[in-house]
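**Q** Next up is a structure, given as structure tokens.
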Amino acid sequence: MAQRVHLVVIDPQNDFMDQPDAALPVAGATADMQRLAAMLSRIGHKLDDVHVTLDSHHAIDVAHPGFWRDANGQHPDPFTIITPDDVENGVWVPRDAALRDRMLCYAEALAADGKYPLMIWREHCLIGTPGHNVQADLMATLLDWGRKNFANVDFVTKGANPFTEHYGALMAEVPDPNDPSTGLNAAFLQMLAEADIVAVAGEALSHCVKATVDQIAEHIGAEHIKKFHILTDCASPVAQVGDGPDFPAIAEAWLSDMEAAGMVLTTSEAFLA
């Protein structure tokens with residue numbers, strides 16, 4: 001029986017490309033997607049399914065400046081980190097004062113779970129804007145793959161709940177019990193469990209790729225880990241910002257951890273060559 005091969009592409013959207021009009025450019029992202037598009041053109045006939053996640057936000061979002069204010073009514077600058085102490089002490093508070101306790105619990109939950117602290121990003125991947133769209137080279141290749149193979153790309157949206165970050169494709173950083181879309185995406189997980197080989201690429205390596213793969217590893221079962229192949233030349237990390245976390249170093253250490261756990265680190269040229 002032929003092996004069932006899936007490709008998972010995490011957030012390959014314009015707002016993450018290193019181009020002038022991008023909201024959150026990741027150095028190397030455009031070239032990553034061009035290499036991925038070339039791979040898809042070359043070996044697309046070997047793929048049984050292609051999944052593409054789409055970061056999908058509103059302007060008012062817990063990780064956007066407009067959600068927060070200080071005592072003078074000013075919004076935080078992009079790349080500001082908001083800690084539980086900041087919320088507790090009124091350094092940063094939600095513009096809707098009724099959300100203060102909820103957001104304090106949220107920041108505390110991130111810390112308790114060992115997640116990245118809440119970071120404010122520029123408004124990005126706003127639903128309906130050009131920044132939400134898939135990078136042009138990859139999108140053209142995805143459409144061509146679908147036409148040639150009588151198949152549709154499985155687009156997986158995430159991030160529309162404004163009260164929680166949603167880096168990983170399987171669930172939000174802190175699921176909202178009143179919003180099933182933030183809980184475990186069991187249907188997506190089951191599709192991956194049924195595949196024999198799963199290649200993973202996308203942006204950013206340090207955030208949404210890492211979170212997605214971590215969520216898969218946590219929920220799919222140890223027996224499936226070895227079938228995941230991370231395309232290291234089709235994913236780049238967020239750069240370190242000021243005194244914030246060293247995201248490139250975190251991503252590099254994480255890749256080593258995934259390889260030690262049994263995942264395969266490979267490249268777009270080597271995969272299924």
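Chain lettering (A, B, ...) mirrors the order of the structure tokens, residue numbering begins at 1 for each chain separately, and ligand numbering begins at 1 in order of display.
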Please run DSSP on the backbone and report, as a PyMOL selection string, all residues within stretch 55-127 of chain A that come out as strand (DSSP E).

**A** chain A and resi 55+68-69+81-82+93-94+118-119

**Q** Store the residues of this selection in a file with C-alpha atoms, as a short mmCIF file (atom, residue, chain, number, x, y, z; two decimals), in the first residue's frame.

**A**
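So again02.cif came out as:
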data_model
loop_
_atom_site.label_atom_id
_atom_site.label_comp_id
_atom_site.auth_asym_id
_atom_site.auth_seq_id
_atom_site.Cartn_x
_atom_site.Cartn_y
_atom_site.Cartn_z
CA ASP A 55 -3.76 33.30 11.35
CA TRP A 68 -4.74 47.86 26.12
CA ARG A 69 -4.06 51.28 27.66
CA ILE A 81 5.56 42.35 26.99
CA ILE A 82 2.64 42.43 29.43
CA VAL A 93 -5.17 47.42 31.62
CA PRO A 94 -7.80 46.42 29.07
CA LEU A 118 1.82 38.05 26.35
CA MET A 119 3.55 40.13 23.70
#

**Q** Between atom CA of A:Asp179 and atom CA of A:Arg100, what distance in Å does the model show, to one decimal?

**A**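 The value is 19.4 Å.
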
**Q** Given the choices A:Ile250, A:Val174, A:Ala31, A:Met258, which gets closest to A:Arg102 if the distance is worked out from only C-alpha atoms?

**A**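 Smallest separation from A:Arg102 among the options: A:Val174.
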
**Q** So that I can check the surroundings of A:Thr164, please list as a ChimeraX atom specification every protein, DNA and RNA residue that reaches within 12 Å of it, counting only C-alpha atoms and ignoring chain neighbours fewer than 6 positions away.

**A** /A:57-58,60-64,67,102-103,105-107,109-110,117-119,158,171-179,181-183

**Q** Go ahead and write the selection's residues with N, CA and C atoms as a PDB file, in the first residue's frame.

**A**
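result23.pdb, freshly written:
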ATOM      1  N   HIS A  57      -7.171  37.373  12.518  1.00  0.00           N
ATOM      2  CA  HIS A  57      -7.415  38.234  13.666  1.00  0.00           C
ATOM      3  C   HIS A  57      -8.362  39.398  13.361  1.00  0.00           C
ATOM      4  N   HIS A  58      -8.908  39.954  14.449  1.00  0.00           N
ATOM      5  CA  HIS A  58      -9.614  41.227  14.424  1.00  0.00           C
ATOM      6  C   HIS A  58      -8.655  42.314  14.907  1.00  0.00           C
ATOM      7  N   ILE A  60      -9.198  44.542  17.262  1.00  0.00           N
ATOM      8  CA  ILE A  60      -9.195  44.489  18.720  1.00  0.00           C
ATOM      9  C   ILE A  60      -8.940  43.046  19.121  1.00  0.00           C
ATOM     10  N   ASP A  61      -7.743  42.820  19.630  1.00  0.00           N
ATOM     11  CA  ASP A  61      -7.260  41.479  19.950  1.00  0.00           C
ATOM     12  C   ASP A  61      -6.314  41.608  21.134  1.00  0.00           C
ATOM     13  N   VAL A  62      -6.297  40.616  21.998  1.00  0.00           N
ATOM     14  CA  VAL A  62      -5.492  40.681  23.208  1.00  0.00           C
ATOM     15  C   VAL A  62      -4.023  40.954  22.920  1.00  0.00           C
ATOM     16  N   ALA A  63      -3.536  40.592  21.741  1.00  0.00           N
ATOM     17  CA  ALA A  63      -2.134  40.788  21.391  1.00  0.00           C
ATOM     18  C   ALA A  63      -1.913  41.980  20.461  1.00  0.00           C
ATOM     19  N   HIS A  64      -2.913  42.845  20.324  1.00  0.00           N
ATOM     20  CA  HIS A  64      -2.782  44.058  19.518  1.00  0.00           C
ATOM     21  C   HIS A  64      -2.815  45.290  20.425  1.00  0.00           C
ATOM     22  N   PHE A  67      -6.121  46.892  22.305  1.00  0.00           N
ATOM     23  CA  PHE A  67      -6.833  46.207  23.390  1.00  0.00           C
ATOM     24  C   PHE A  67      -6.496  46.819  24.749  1.00  0.00           C
ATOM     25  N   ARG A 102     -10.330  39.096  34.062  1.00  0.00           N
ATOM     26  CA  ARG A 102     -10.181  38.026  33.072  1.00  0.00           C
ATOM     27  C   ARG A 102      -8.787  38.057  32.462  1.00  0.00           C
ATOM     28  N   MET A 103      -8.281  39.229  32.145  1.00  0.00           N
ATOM     29  CA  MET A 103      -6.971  39.336  31.526  1.00  0.00           C
ATOM     30  C   MET A 103      -5.845  39.070  32.518  1.00  0.00           C
ATOM     31  N   CYS A 105      -6.121  36.806  34.909  1.00  0.00           N
ATOM     32  CA  CYS A 105      -6.123  35.335  34.921  1.00  0.00           C
ATOM     33  C   CYS A 105      -5.459  34.783  33.664  1.00  0.00           C
ATOM     34  N   TYR A 106      -5.677  35.450  32.545  1.00  0.00           N
ATOM     35  CA  TYR A 106      -5.084  35.005  31.286  1.00  0.00           C
ATOM     36  C   TYR A 106      -3.558  35.081  31.352  1.00  0.00           C
ATOM     37  N   ALA A 107      -3.035  36.239  31.783  1.00  0.00           N
ATOM     38  CA  ALA A 107      -1.580  36.410  31.868  1.00  0.00           C
ATOM     39  C   ALA A 107      -0.983  35.422  32.860  1.00  0.00           C
ATOM     40  N   ALA A 109      -2.221  32.461  33.573  1.00  0.00           N
ATOM     41  CA  ALA A 109      -2.293  31.126  32.978  1.00  0.00           C
ATOM     42  C   ALA A 109      -1.134  30.887  32.019  1.00  0.00           C
ATOM     43  N   LEU A 110      -0.762  31.901  31.246  1.00  0.00           N
ATOM     44  CA  LEU A 110       0.386  31.772  30.353  1.00  0.00           C
ATOM     45  C   LEU A 110       1.648  31.446  31.145  1.00  0.00           C
ATOM     46  N   PRO A 117       5.300  34.846  27.422  1.00  0.00           N
ATOM     47  CA  PRO A 117       4.458  35.889  28.011  1.00  0.00           C
ATOM     48  C   PRO A 117       3.699  36.634  26.923  1.00  0.00           C
ATOM     49  N   LEU A 118       2.625  37.291  27.309  1.00  0.00           N
ATOM     50  CA  LEU A 118       1.821  38.047  26.355  1.00  0.00           C
ATOM     51  C   LEU A 118       2.663  39.147  25.724  1.00  0.00           C
ATOM     52  N   MET A 119       2.824  39.093  24.427  1.00  0.00           N
ATOM     53  CA  MET A 119       3.547  40.127  23.702  1.00  0.00           C
ATOM     54  C   MET A 119       2.589  40.847  22.770  1.00  0.00           C
ATOM     55  N   LYS A 158      -7.494  30.101  12.476  1.00  0.00           N
ATOM     56  CA  LYS A 158      -7.274  30.175  13.919  1.00  0.00           C
ATOM     57  C   LYS A 158      -7.048  31.629  14.305  1.00  0.00           C
ATOM     58  N   MET A 171      -4.930  24.356  19.009  1.00  0.00           N
ATOM     59  CA  MET A 171      -5.688  24.976  20.085  1.00  0.00           C
ATOM     60  C   MET A 171      -5.040  26.299  20.477  1.00  0.00           C
ATOM     61  N   ALA A 172      -5.817  27.153  21.150  1.00  0.00           N
ATOM     62  CA  ALA A 172      -5.314  28.443  21.598  1.00  0.00           C
ATOM     63  C   ALA A 172      -4.336  28.267  22.750  1.00  0.00           C
ATOM     64  N   GLU A 173      -3.576  29.319  23.036  1.00  0.00           N
ATOM     65  CA  GLU A 173      -2.639  29.273  24.153  1.00  0.00           C
ATOM     66  C   GLU A 173      -3.374  29.010  25.463  1.00  0.00           C
ATOM     67  N   VAL A 174      -4.476  29.704  25.652  1.00  0.00           N
ATOM     68  CA  VAL A 174      -5.343  29.466  26.809  1.00  0.00           C
ATOM     69  C   VAL A 174      -6.763  29.306  26.256  1.00  0.00           C
ATOM     70  N   PRO A 175      -7.239  28.082  26.086  1.00  0.00           N
ATOM     71  CA  PRO A 175      -8.569  27.882  25.499  1.00  0.00           C
ATOM     72  C   PRO A 175      -9.662  28.592  26.294  1.00  0.00           C
ATOM     73  N   ASP A 176     -10.622  29.134  25.549  1.00  0.00           N
ATOM     74  CA  ASP A 176     -11.790  29.794  26.128  1.00  0.00           C
ATOM     75  C   ASP A 176     -12.892  28.737  26.244  1.00  0.00           C
ATOM     76  N   PRO A 177     -13.328  28.388  27.452  1.00  0.00           N
ATOM     77  CA  PRO A 177     -14.326  27.327  27.604  1.00  0.00           C
ATOM     78  C   PRO A 177     -15.654  27.625  26.917  1.00  0.00           C
ATOM     79  N   ASN A 178     -15.882  28.893  26.597  1.00  0.00           N
ATOM     80  CA  ASN A 178     -17.128  29.271  25.924  1.00  0.00           C
ATOM     81  C   ASN A 178     -16.994  29.336  24.406  1.00  0.00           C
ATOM     82  N   ASP A 179     -15.812  28.988  23.881  1.00  0.00           N
ATOM     83  CA  ASP A 179     -15.582  29.071  22.439  1.00  0.00           C
ATOM     84  C   ASP A 179     -14.892  27.789  21.967  1.00  0.00           C
ATOM     85  N   SER A 181     -13.904  26.847  19.191  1.00  0.00           N
ATOM     86  CA  SER A 181     -12.855  27.032  18.189  1.00  0.00           C
ATOM     87  C   SER A 181     -11.480  27.214  18.817  1.00  0.00           C
ATOM     88  N   THR A 182     -11.434  27.493  20.124  1.00  0.00           N
ATOM     89  CA  THR A 182     -10.148  27.651  20.802  1.00  0.00           C
ATOM     90  C   THR A 182      -9.666  26.359  21.456  1.00  0.00           C
ATOM     91  N   GLY A 183     -10.522  25.351  21.507  1.00  0.00           N
ATOM     92  CA  GLY A 183     -10.162  24.063  22.095  1.00  0.00           C
ATOM     93  C   GLY A 183      -9.458  23.165  21.099  1.00  0.00           C
TER      94      GLY A 183
END

**Q** Might you pull out every residue within 8 Å of stretch 213-223 of chain A, with only C-alpha atoms counted and same-chain residues fewer than 4 positions away left off, and present them as a PyMOL selection string?

**A** chain A and resi 168+170-171+189+193+209

**Q** For C-alpha atoms, I'd like the residues from the last selection saved as an mmCIF file, in the first residue's frame.

**A**
data_model
loop_
_atom_site.group_PDB
_atom_site.id
_atom_site.type_symbol
_atom_site.label_atom_id
_atom_site.label_comp_id
_atom_site.auth_asym_id
_atom_site.auth_seq_id
_atom_site.Cartn_x
_atom_site.Cartn_y
_atom_site.Cartn_z
ATOM 1 C CA GLY A 168 -0.690 26.649 17.422
ATOM 2 C CA LEU A 170 -4.610 22.705 17.226
ATOM 3 C CA MET A 171 -5.688 24.976 20.085
ATOM 4 C CA LEU A 189 -5.431 15.907 14.660
ATOM 5 C CA ALA A 193 -2.845 10.626 12.757
ATOM 6 C CA VAL A 209 5.303 26.311 13.789
#

**Q** Using only C-alpha atoms, which of A:Thr266, A:Thr141, A:Thr129, A:Ser256 sits nearest A:Ser41?

**A**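 For A:Ser41, the nearest of the candidates is A:Thr141.
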
**Q** Please provide as a VMD selection string all residues within 8 Å of A:Leu104, with the sequence filter that same-chain residues fewer than 3 positions apart are discarded (counting only C-alpha atoms).

**A** chain A and resid 84 87 to 88 100 to 101 107 to 108

**Q** Using only C-alpha atoms, which of A:Ala249, A:Val200, A:Leu142, A:Val241 sits nearest A:Ser268?

**A** A:Val200

**Q** Could you check the closest approach to A:Asp246 for each of A:His207, A:Arg4, A:Lys227, A:His166 and tell me which residue wins, using only C-alpha atoms?

**A**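 Residue with the minimum atom-to-atom distance to A:Asp246: A:His207.
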
**Q** What is the atom CA of A:Arg122 to atom CA of A:Val91 distance in Å?

**A**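 Straight-line distance from atom CA of A:Arg122 to atom CA of A:Val91 works out to 19.4 Å.
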
**Q** For A:Val238, which residue out of A:Ala270, A:Met17, A:Val9, A:Ala38 is the nearest one, using only C-alpha atoms?

**A**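 When distances to A:Val238 are compared using only C-alpha atoms, the smallest one comes from A:Met17.
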
**Q** How many Å separate atom CA of A:Ala239 from atom CA of A:Leu24?

**A**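 Interatomic distance here is 10.6 Å.
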
**Q** Per residue of stretch 163-196 of chain A within 10 Å of stretch 47-52 of chain A, what are the shortest atom pair and its distance in Å to one decimal, counting only C-alpha atoms, with rows by chain and residue number, as JSON lines?

**A**
{"residue": "A:Ala169", "atom": "CA", "partner": "A:Val52", "partner_atom": "CA", "distance": 9.5}
{"residue": "A:Phe188", "atom": "CA", "partner": "A:His51", "partner_atom": "CA", "distance": 9.0}
{"residue": "A:Met191", "atom": "CA", "partner": "A:Asp49", "partner_atom": "CA", "distance": 9.3}
{"residue": "A:Leu192", "atom": "CA", "partner": "A:His51", "partner_atom": "CA", "distance": 9.7}
{"residue": "A:Ala195", "atom": "CA", "partner": "A:Asp48", "partner_atom": "CA", "distance": 8.8}

**Q** Could those residues be written to a file, using C-alpha atoms, as a short mmCIF file (atom, residue, chain, number, x, y, z; two decimals), in the first residue's frame?

**A**
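Writing done, so here's part_21.cif:
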data_model
loop_
_atom_site.label_atom_id
_atom_site.label_comp_id
_atom_site.auth_asym_id
_atom_site.auth_seq_id
_atom_site.Cartn_x
_atom_site.Cartn_y
_atom_site.Cartn_z
CA ALA A 169 -3.10 25.25 14.85
CA PHE A 188 -7.39 18.07 12.24
CA MET A 191 -6.32 13.59 9.78
CA LEU A 192 -2.66 13.84 10.75
CA ALA A 195 -1.16 9.92 7.53
#

**Q** So, with only C-alpha atoms as the atoms that count, which of A:Ala97, A:Cys125, A:Pro25, A:Lys115 lies closest to A:Gly159?

**A**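 Comparing A:Ala97, A:Cys125, A:Pro25, A:Lys115 against A:Gly159, the winner is A:Cys125.
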
**Q** Need to verify the contact set: A:Met33, 10 Å, only C-alpha atoms, exclusion of same-chain residues closer than 5 positions in sequence. Can you return it as a PyMOL selection string?

**A** chain A and resi 9+12-13+17+28+38-39+134-139+201-203+233-235

**Q** If you keep C-alpha atoms, can you produce a file of those selected residues as a CSV table (one decimal), in the first residue's frame?

**A**
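Output file again.csv is given in full below:
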chain,number,residue,atom,x,y,z
A,9,VAL,CA,2.0,24.8,6.0
A,12,PRO,CA,2.3,31.4,5.1
A,13,GLN,CA,0.6,34.8,5.0
A,17,MET,CA,6.7,37.9,4.7
A,28,GLY,CA,13.8,34.8,5.3
A,38,ALA,CA,9.1,24.9,-5.8
A,39,MET,CA,8.9,21.7,-3.7
A,134,VAL,CA,-1.2,33.5,1.4
A,135,GLN,CA,2.1,34.5,-0.1
A,136,ALA,CA,1.6,34.8,-3.9
A,137,ASP,CA,4.1,32.2,-5.1
A,138,LEU,CA,2.8,29.6,-2.7
A,139,MET,CA,-0.8,30.4,-3.4
A,201,ALA,CA,6.7,24.2,7.1
A,202,GLY,CA,5.7,27.8,7.6
A,203,GLU,CA,6.1,30.9,9.7
A,233,ASP,CA,14.7,25.6,5.0
A,234,CYS,CA,11.0,26.5,4.8
A,235,ALA,CA,10.6,28.1,8.2

**Q** Could you name the residues that touch A:Ala251 at 7 Å or less, counting only C-alpha atoms, but leaving out those on the same chain fewer than 5 positions away, as a VMD selection string?

**A** chain A and resid 205 to 206 237
